[in-house]
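Here is query_22.txt, consisting of compact mmCIF, C-alpha atoms:
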# COMPACT_ATOMS: atom_id res chain seq x y z
CA MET A 19 8.93 6.00 -4.83
CA SER A 20 11.60 6.33 -2.18
CA SER A 21 12.39 3.42 0.13
CA GLY A 22 10.77 5.29 3.01
CA ALA A 23 7.45 5.86 1.24
CA VAL A 24 4.27 4.84 3.04
CA ALA A 25 1.14 3.89 1.11
CA ALA A 26 -1.58 6.51 1.41
CA ALA A 27 -4.91 4.80 2.00
CA PRO A 28 -7.10 5.34 -1.09
CA ARG A 29 -10.48 6.86 -0.36
CA LEU A 30 -13.28 4.30 -0.20
CA ALA A 31 -16.13 5.05 -2.58
CA GLY A 32 -19.23 3.16 -3.57
CA VAL A 33 -19.10 0.75 -0.62
CA ALA A 34 -22.21 0.76 1.51
CA GLY A 35 -21.73 -0.78 4.93
CA SER A 36 -19.84 -4.07 4.85
CA ALA A 37 -21.09 -5.57 1.57
CA ILE A 38 -21.42 -4.64 -2.09
CA ALA A 39 -24.01 -5.57 -4.68
CA ASP A 40 -22.34 -8.79 -5.87
CA ASP A 41 -22.44 -10.29 -2.35
CA THR A 42 -18.75 -9.73 -1.69
CA ALA A 43 -18.51 -9.01 2.04
CA ILE A 44 -15.88 -6.50 3.15
CA VAL A 45 -14.47 -6.70 6.67
CA HIS A 46 -12.44 -3.71 7.87
CA TYR A 47 -9.48 -4.30 10.21
CA GLY A 48 -8.63 -0.65 10.65
CA PRO A 49 -8.06 1.91 7.88
CA ARG A 50 -5.29 -0.04 6.11
CA CYS A 51 -6.46 -3.65 6.14
CA PHE A 52 -9.51 -5.21 4.48
CA LEU A 53 -10.78 -8.77 3.99
CA LEU A 54 -12.88 -9.24 0.86
CA GLN A 55 -14.87 -12.47 1.16
CA GLY A 56 -15.96 -14.24 -2.02
CA VAL A 57 -14.54 -11.64 -4.37
CA LEU A 58 -13.46 -14.21 -7.00
CA ALA A 59 -15.96 -16.53 -8.63
CA LEU A 60 -14.97 -20.16 -9.29
CA GLN A 61 -13.92 -19.51 -12.89
CA GLU A 62 -11.81 -16.53 -11.81
CA GLN A 63 -10.08 -18.64 -9.16
CA LEU A 64 -9.23 -21.21 -11.82
CA GLN A 65 -7.91 -18.51 -14.15
CA LEU A 66 -5.66 -17.09 -11.44
CA PHE A 67 -4.38 -20.52 -10.42
CA SER A 68 -3.79 -21.43 -14.06
CA PHE A 69 -1.44 -18.43 -14.33
CA ILE A 70 0.57 -19.77 -11.37
CA HIS A 71 0.32 -23.44 -12.34
CA LYS A 72 1.65 -22.90 -15.87
CA ARG A 73 4.71 -21.07 -14.53
CA ASP A 74 5.41 -23.32 -11.56
CA VAL A 75 8.78 -25.03 -12.05
CA THR A 76 9.26 -26.04 -8.39
CA ASP A 77 10.78 -29.51 -8.08
CA TRP A 78 8.04 -30.85 -5.79
CA ASP A 79 9.16 -34.47 -6.13
CA ASN A 80 12.62 -33.80 -4.70
CA LEU A 81 11.90 -31.66 -1.62
CA SER A 82 13.64 -33.02 1.46
CA PRO A 83 11.41 -34.25 4.31
CA CYS A 84 12.01 -32.52 7.64
CA MET A 85 10.78 -32.66 11.24
CA ASN A 86 9.11 -29.24 11.00
CA PRO A 87 7.83 -28.72 7.45
CA THR A 88 7.26 -25.12 6.35
CA PRO A 89 5.16 -23.57 3.59
CA LYS A 90 7.04 -23.46 0.30
CA THR A 91 7.48 -20.44 -1.97
CA LEU A 92 7.04 -21.47 -5.59
CA GLU A 93 9.80 -21.13 -8.15
CA LEU A 94 8.17 -19.52 -11.18
CA ALA A 95 9.18 -19.16 -14.81
CA VAL A 96 9.76 -15.49 -15.59
CA GLN A 97 8.22 -16.06 -19.03
CA LYS A 98 5.61 -18.71 -19.73
CA HIS A 99 7.98 -20.87 -21.77
CA GLY A 100 11.31 -19.41 -20.69
CA ALA A 101 14.19 -20.97 -18.79
CA GLN A 102 14.78 -18.11 -16.32
CA THR A 103 13.08 -18.56 -12.96
CA ALA A 104 12.36 -16.40 -9.92
CA ARG A 105 10.33 -16.47 -6.72
CA VAL A 106 8.91 -13.02 -7.44
CA LEU A 107 7.70 -11.94 -10.87
CA SER A 108 7.46 -8.24 -11.81
CA PHE A 109 5.10 -6.84 -14.42
CA GLY A 110 3.83 -3.51 -15.69
CA ALA A 111 0.06 -3.07 -15.57
CA ASN A 112 -0.19 -3.42 -19.37
CA HIS A 113 1.96 -6.54 -19.69
CA ASP A 114 -0.01 -9.13 -21.67
CA GLU A 115 1.28 -12.13 -19.69
CA ALA A 116 0.02 -10.66 -16.40
CA ALA A 117 -3.38 -9.59 -17.74
CA VAL A 118 -5.34 -12.18 -15.75
CA VAL A 119 -3.65 -11.17 -12.47
CA VAL A 120 -4.18 -7.48 -13.15
CA GLU A 121 -7.85 -8.27 -13.84
CA MET A 122 -8.27 -9.97 -10.44
CA VAL A 123 -6.51 -7.14 -8.62
CA GLN A 124 -8.67 -4.68 -10.50
CA LYS A 125 -11.81 -6.50 -9.37
CA ALA A 126 -10.74 -6.39 -5.72
CA LYS A 127 -9.75 -2.75 -6.06
CA GLU A 128 -13.13 -1.86 -7.53
CA ALA A 129 -14.92 -3.74 -4.75
CA LEU A 130 -13.20 -1.38 -2.33
CA GLY A 131 -14.15 1.60 -4.48
CA TRP A 132 -10.53 2.57 -5.12
CA ARG A 133 -10.19 4.71 -8.24
CA GLN A 134 -6.40 4.77 -8.62
CA THR A 135 -4.98 2.98 -11.64
CA ILE A 136 -2.49 0.14 -11.35
CA GLU A 137 1.05 1.13 -12.37
CA SER A 138 2.85 -2.16 -11.77
CA LEU A 139 2.82 -5.24 -9.55
CA THR A 140 4.87 -8.17 -8.36
CA ILE A 141 3.55 -11.72 -7.98
CA ALA A 142 4.64 -14.54 -5.67
CA ALA A 143 2.93 -17.72 -4.47
CA ILE A 144 3.29 -19.89 -1.36
CA ARG A 145 1.90 -23.42 -1.00
CA TYR A 146 0.56 -24.74 2.32
CA CYS A 147 -0.62 -28.22 3.34
CA ALA A 148 -2.48 -29.31 6.48
CA SER A 149 -0.30 -30.25 9.44
CA GLY A 150 0.95 -33.83 9.14
CA SER A 151 -0.46 -34.33 5.64
CA ASN A 152 2.78 -33.68 3.75
CA PRO A 153 6.33 -34.48 4.93
CA THR A 154 7.85 -31.48 3.17
CA ILE A 155 5.20 -28.72 3.14
CA GLY A 156 3.90 -27.06 6.30
CA SER A 157 0.65 -25.34 7.28
CA CYS A 158 1.67 -22.31 9.37
CA PHE A 159 3.35 -18.96 8.79
CA PRO A 160 4.29 -17.06 11.98
CA PRO A 161 2.69 -13.64 12.66
CA HIS A 162 4.80 -10.82 11.23
CA VAL A 163 4.85 -7.32 9.77
CA ASP A 164 6.17 -7.13 6.21
CA HIS A 165 8.09 -3.85 6.75
CA CYS A 166 7.79 -3.19 3.01
CA ASN A 167 8.14 0.60 2.79
CA ASP A 168 7.95 1.17 -0.96
CA GLY A 169 4.41 2.57 -1.12
CA SER A 170 2.82 -0.66 -2.36
CA TRP A 171 -0.37 -2.40 -1.25
CA VAL A 172 -0.61 -6.18 -0.81
CA PHE A 173 -3.46 -8.09 -2.46
CA LEU A 174 -3.26 -11.61 -1.00
CA PHE A 175 -5.53 -14.10 -2.80
CA SER A 176 -6.33 -17.48 -1.26
CA LEU A 177 -6.86 -20.49 -3.53
CA GLY A 178 -7.68 -24.09 -2.64
CA CYS A 179 -8.26 -25.31 0.91
CA SER A 180 -9.45 -22.90 3.58
CA ALA A 181 -6.91 -21.42 5.98
CA THR A 182 -7.07 -19.94 9.47
CA LEU A 183 -5.40 -16.52 9.56
CA GLN A 184 -4.81 -14.00 12.29
CA ILE A 185 -4.64 -10.24 11.91
CA LYS A 186 -3.81 -7.32 14.19
CA SER A 187 -3.60 -3.65 13.23
CA PRO A 188 -2.73 -0.79 15.63
CA ASP A 189 -6.45 0.11 15.79
CA MET A 190 -7.38 -3.31 17.20
CA ALA A 191 -7.22 -4.15 20.89
CA GLU A 192 -6.28 -7.78 20.20
CA ARG A 193 -5.52 -10.11 17.33
CA HIS A 194 -8.48 -11.46 15.38
CA THR A 195 -8.63 -14.99 13.94
CA PHE A 196 -10.72 -15.76 10.87
CA GLU A 197 -11.20 -18.34 8.11
CA MET A 198 -9.98 -17.38 4.65
CA GLU A 199 -11.74 -19.35 1.93
CA SER A 200 -10.75 -19.93 -1.67
CA GLY A 201 -11.61 -16.79 -3.63
CA ASP A 202 -11.12 -14.41 -0.69
CA VAL A 203 -8.51 -11.63 -0.77
CA LEU A 204 -6.80 -9.78 2.06
CA VAL A 205 -5.75 -6.24 1.12
CA PHE A 206 -3.37 -4.36 3.40
CA ASP A 207 -0.65 -1.76 3.67
CA PRO A 208 2.63 -3.68 4.27
CA SER A 209 4.60 -0.70 5.62
CA SER A 210 6.26 -0.46 9.02
CA GLU A 211 4.03 2.51 9.88
CA ALA A 212 0.82 0.60 9.17
CA ALA A 213 2.16 -2.28 11.32
CA VAL A 214 -0.37 -4.86 10.12
CA VAL A 215 0.55 -8.11 11.90
CA HIS A 216 -0.63 -11.16 9.96
CA GLY A 217 0.04 -14.88 9.92
CA VAL A 218 -1.38 -18.30 9.00
CA ASP A 219 -2.35 -20.56 11.91
CA GLY A 220 -3.22 -23.59 9.83
CA VAL A 221 -4.84 -25.07 6.74
CA ALA A 222 -7.90 -27.34 6.51
CA CYS A 223 -7.15 -30.07 3.98
CA GLY A 224 -9.08 -32.94 5.56
CA GLU A 225 -10.88 -35.61 3.58
CA GLU A 226 -14.27 -34.00 4.26
CA GLU A 227 -13.21 -30.73 2.66
CA ALA A 228 -11.27 -32.43 -0.13
CA SER A 229 -14.36 -34.42 -1.13
CA SER A 230 -16.79 -31.49 -0.94
CA SER A 231 -18.63 -30.41 -4.09
CA ARG A 232 -16.87 -27.01 -3.97
CA MET A 233 -13.42 -28.60 -3.93
CA ALA A 234 -14.45 -31.16 -6.55
CA GLU A 235 -15.15 -28.30 -8.96
CA LEU A 236 -12.08 -26.28 -8.00
CA GLY A 237 -9.64 -29.20 -7.93
CA ALA A 238 -10.77 -31.08 -11.01
CA GLY A 239 -8.37 -32.46 -13.62
CA GLU A 240 -4.94 -30.84 -13.72
CA PHE A 241 -5.78 -28.73 -10.65
CA GLU A 242 -6.14 -31.74 -8.33
CA VAL A 243 -3.48 -30.19 -6.09
CA LEU A 244 -6.02 -27.58 -4.95
CA ARG A 245 -8.02 -30.28 -3.14
CA HIS A 246 -5.16 -30.88 -0.72
CA SER A 247 -3.28 -27.55 -0.65
CA ARG A 248 -3.80 -23.88 -0.09
CA PHE A 249 -1.98 -21.38 -2.30
CA GLY A 250 -1.46 -17.81 -1.16
CA VAL A 251 -0.96 -15.65 -4.25
CA GLN A 252 0.59 -12.38 -3.09
CA CYS A 253 0.53 -9.35 -5.34
CA ARG A 254 2.38 -6.21 -4.28
CA VAL A 255 0.58 -3.49 -6.19
CA PHE A 256 1.74 0.04 -6.99
CA LEU A 257 -1.13 2.46 -7.55
CA ALA A 258 -0.91 5.79 -9.35
CA GLY A 259 -1.42 8.94 -7.25

The structure in this file should be written as structure tokens.
Amino acid sequence: MSSGAVAAAPRLAGVAGSAIADDTAIVHYGPRCFLLQGVLALQEQLQLFSFIHKRDVTDWDNLSPCMNPTPKTLELAVQKHGAQTARVLSFGANHDEAAVVVEMVQKAKEALGWRQTIESLTIAAIRYCASGSNPTIGSCFPPHVDHCNDGSWVFLFSLGCSATLQIKSPDMAERHTFEMESGDVLVFDPSSEAAVVHGVDGVACGEEEASSSRMAELGAGEFEVLRHSRFGVQCRVFLAG
């Protein structure tokens, strides 16, 4: 697509009201922004995080402390066991290594009733920690519009601790604040025309949440980091048609 392309909103089908049969609630923030609550089951969250975790080559032990820590974009191995790294990975829809990510995007797409097939996607991940809990990793991301005018849609999955997000589309009179839990996904058009303002106000990584039964299951064993962090896994998805 050309650099000035704007994503055409796929027609919703098979969605009755604000919820679907598997108890995934769908909140509409205008015609080009949707919050899908509880779309990923626990095992699916672990599968998606495993994809990120196995490719994460970020040098977490040598980040420099600072007065105003910021969220950190992960450095990922381009191939599972390769030496080349990047902050954004690109895959075709039929690429074997990205199969688990395509599967999660497909599930969210089907929850919305979108029939278009996935042509390709990019994957990036950002780690957040609660304010004051980590000297190098922050909890907030300022409100912004992506201004990504390539015709893609963003599927933003949240994994780990809950986060407080804000959203504002041109159809809304004021910004709305909501909690995004692990397993939720925010789907939106990132173009300048859609003008979806979004940001992260903070992350809840307190001891109460970290010790909850939900986090004990999610952050067991090698995924202990999920009990004290929130990972935003952002997929920019190109749909056919």

For segment 121-221 of chain A against segment 86-106 of chain A, with a cut-off of 7 Å and counting only C-alpha atoms, what is the closest atom pair and its distance in Å to one decimal for every residue that makes the cut, ordered by chain and number, as a tab-separated table?
residue	atom	partner	partner_atom	distance
A:Thr140	CA	A:Val106	CA	6.4
A:Ile141	CA	A:Val106	CA	5.5
A:Ala142	CA	A:Val106	CA	4.9
A:Ala143	CA	A:Leu92	CA	5.7
A:Ile144	CA	A:Thr91	CA	4.3
A:Arg145	CA	A:Lys90	CA	5.3
A:Tyr146	CA	A:Pro89	CA	4.9
A:Pro153	CA	A:Pro87	CA	6.5
A:Thr154	CA	A:Pro87	CA	5.1
A:Ile155	CA	A:Pro87	CA	5.0
A:Gly156	CA	A:Thr88	CA	3.9
A:Ser157	CA	A:Pro89	CA	6.1
A:Cys158	CA	A:Pro89	CA	6.9

Worksheet item: Got a sec: who's within 8 Å of segment 41-48 of chain A, counting all atoms listed in the file, leaving out chain neighbours fewer than 3 positions off, as a VMD selection string?
Response: chain A and resid 36 to 38 51 to 57 129 to 130 185 to 190

Work out how far atom CA of Ala212 of chain A is from atom CA of Asp164 of chain A, in Å to one decimal.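 Taking atom CA of Asp164 of chain A and atom CA of Ala212 of chain A, their separation equals 9.9 Å.
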
Judged by all atoms listed in the file, the minimum distance to Arg133 of chain A among A:Met198, A:Leu257, A:Val118, A:Val243 is found for A:Leu257

For atom CA of Phe109 of chain A and atom CA of Glu128 of chain A, determine how far apart the two atoms are, in Å to one decimal place.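 Distance between the two atoms: 20.1 Å.
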
In terms of all atoms listed in the file, the residue from A:Val218, A:Phe196, A:Cys147, A:Gly201 at minimal distance from Arg248 of chain A is A:Cys147

Would you be able to write out as a PyMOL selection string which residues have an atom within 12 Å of (-3.3, -8.2, -17.9) in the file's coordinates, counting only C-alpha atoms?
chain A and resi 65-66+69+109-124+136-139

Requested in this report: Can you work out the spacing between atom CA of Val163 of chain A and atom CA of Gly250 of chain A in Å, to one decimal?
Outcome: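 We find that atom CA of Val163 of chain A and atom CA of Gly250 of chain A lie 16.4 Å from each other.
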
| Using all atoms listed in the file, which of the listed residues (A:Gln184, A:Gln61, A:Thr195, A:Ser176) sits closest to Val214 of chain A? |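 That would be A:Gln184, the residue with the smallest distance to Val214 of chain A.
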
Which of these, A:Val172, A:Leu236, A:Ala59, A:Val215, has the shortest distance to Phe256 of chain A once you count only C-alpha atoms?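 The closest residue to Phe256 of chain A is A:Val172.
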
Margin query: Considering all atoms listed in the file, can you say which of A:Ser209, A:Ser170, A:Ser151, A:His194 comes closest to His246 of chain A?
Written below: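 Of the candidates, the smallest distance to His246 of chain A is held by A:Ser151.
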
Residues near Glu197 of chain A, cut-off 8 Å, only C-alpha atoms, skip fewer than 2 positions along chain, as a list in words = Ser180, Ala181, Thr182, Leu183, Thr195 and Glu199 of chain A

His162 of chain A proximity check over A:Ala213, A:Leu174, A:Arg245, A:His71, using only C-alpha atoms: winner is A:Ala213

Copy segment 181-196 of chain A out of the block into a file, keeping N, CA and C atoms, as a PDB file, in the first residue's frame.
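Contents of decode.pdb, freshly written:
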ATOM      1  N   ALA A 181      -2.842  -2.611  33.674  1.00  0.00           N
ATOM      2  CA  ALA A 181      -2.380  -1.256  33.349  1.00  0.00           C
ATOM      3  C   ALA A 181      -3.588  -0.337  33.194  1.00  0.00           C
ATOM      4  N   THR A 182      -3.386   0.923  33.519  1.00  0.00           N
ATOM      5  CA  THR A 182      -4.418   1.934  33.312  1.00  0.00           C
ATOM      6  C   THR A 182      -4.112   2.670  32.017  1.00  0.00           C
ATOM      7  N   LEU A 183      -5.025   2.577  31.060  1.00  0.00           N
ATOM      8  CA  LEU A 183      -4.846   3.218  29.764  1.00  0.00           C
ATOM      9  C   LEU A 183      -5.874   4.323  29.589  1.00  0.00           C
ATOM     10  N   GLN A 184      -5.585   5.226  28.682  1.00  0.00           N
ATOM     11  CA  GLN A 184      -6.556   6.230  28.281  1.00  0.00           C
ATOM     12  C   GLN A 184      -6.692   6.208  26.771  1.00  0.00           C
ATOM     13  N   ILE A 185      -7.896   6.523  26.310  1.00  0.00           N
ATOM     14  CA  ILE A 185      -8.195   6.469  24.881  1.00  0.00           C
ATOM     15  C   ILE A 185      -9.095   7.627  24.504  1.00  0.00           C
ATOM     16  N   LYS A 186      -8.920   8.145  23.308  1.00  0.00           N
ATOM     17  CA  LYS A 186      -9.772   9.234  22.813  1.00  0.00           C
ATOM     18  C   LYS A 186      -9.784   9.161  21.291  1.00  0.00           C
ATOM     19  N   SER A 187     -10.966   8.934  20.732  1.00  0.00           N
ATOM     20  CA  SER A 187     -11.137   8.971  19.283  1.00  0.00           C
ATOM     21  C   SER A 187     -11.945  10.220  18.935  1.00  0.00           C
ATOM     22  N   PRO A 188     -11.953  10.641  17.667  1.00  0.00           N
ATOM     23  CA  PRO A 188     -12.692  11.855  17.292  1.00  0.00           C
ATOM     24  C   PRO A 188     -14.179  11.780  17.619  1.00  0.00           C
ATOM     25  N   ASP A 189     -14.732  10.580  17.767  1.00  0.00           N
ATOM     26  CA  ASP A 189     -16.159  10.429  18.069  1.00  0.00           C
ATOM     27  C   ASP A 189     -16.469  10.610  19.549  1.00  0.00           C
ATOM     28  N   MET A 190     -15.445  10.703  20.391  1.00  0.00           N
ATOM     29  CA  MET A 190     -15.645  10.800  21.837  1.00  0.00           C
ATOM     30  C   MET A 190     -15.500  12.236  22.298  1.00  0.00           C
ATOM     31  N   ALA A 191     -16.362  12.641  23.208  1.00  0.00           N
ATOM     32  CA  ALA A 191     -16.327  14.012  23.715  1.00  0.00           C
ATOM     33  C   ALA A 191     -15.119  14.242  24.612  1.00  0.00           C
ATOM     34  N   GLU A 192     -14.670  13.212  25.321  1.00  0.00           N
ATOM     35  CA  GLU A 192     -13.516  13.350  26.207  1.00  0.00           C
ATOM     36  C   GLU A 192     -12.774  12.020  26.289  1.00  0.00           C
ATOM     37  N   ARG A 193     -11.571  12.070  26.809  1.00  0.00           N
ATOM     38  CA  ARG A 193     -10.780  10.861  26.929  1.00  0.00           C
ATOM     39  C   ARG A 193     -11.388   9.932  27.977  1.00  0.00           C
ATOM     40  N   HIS A 194     -11.272   8.635  27.704  1.00  0.00           N
ATOM     41  CA  HIS A 194     -11.796   7.624  28.613  1.00  0.00           C
ATOM     42  C   HIS A 194     -10.631   6.839  29.213  1.00  0.00           C
ATOM     43  N   THR A 195     -10.679   6.597  30.519  1.00  0.00           N
ATOM     44  CA  THR A 195      -9.656   5.819  31.211  1.00  0.00           C
ATOM     45  C   THR A 195     -10.220   4.458  31.581  1.00  0.00           C
ATOM     46  N   PHE A 196      -9.430   3.417  31.384  1.00  0.00           N
ATOM     47  CA  PHE A 196      -9.906   2.063  31.677  1.00  0.00           C
ATOM     48  C   PHE A 196      -8.736   1.182  32.098  1.00  0.00           C
TER      49      PHE A 196
END
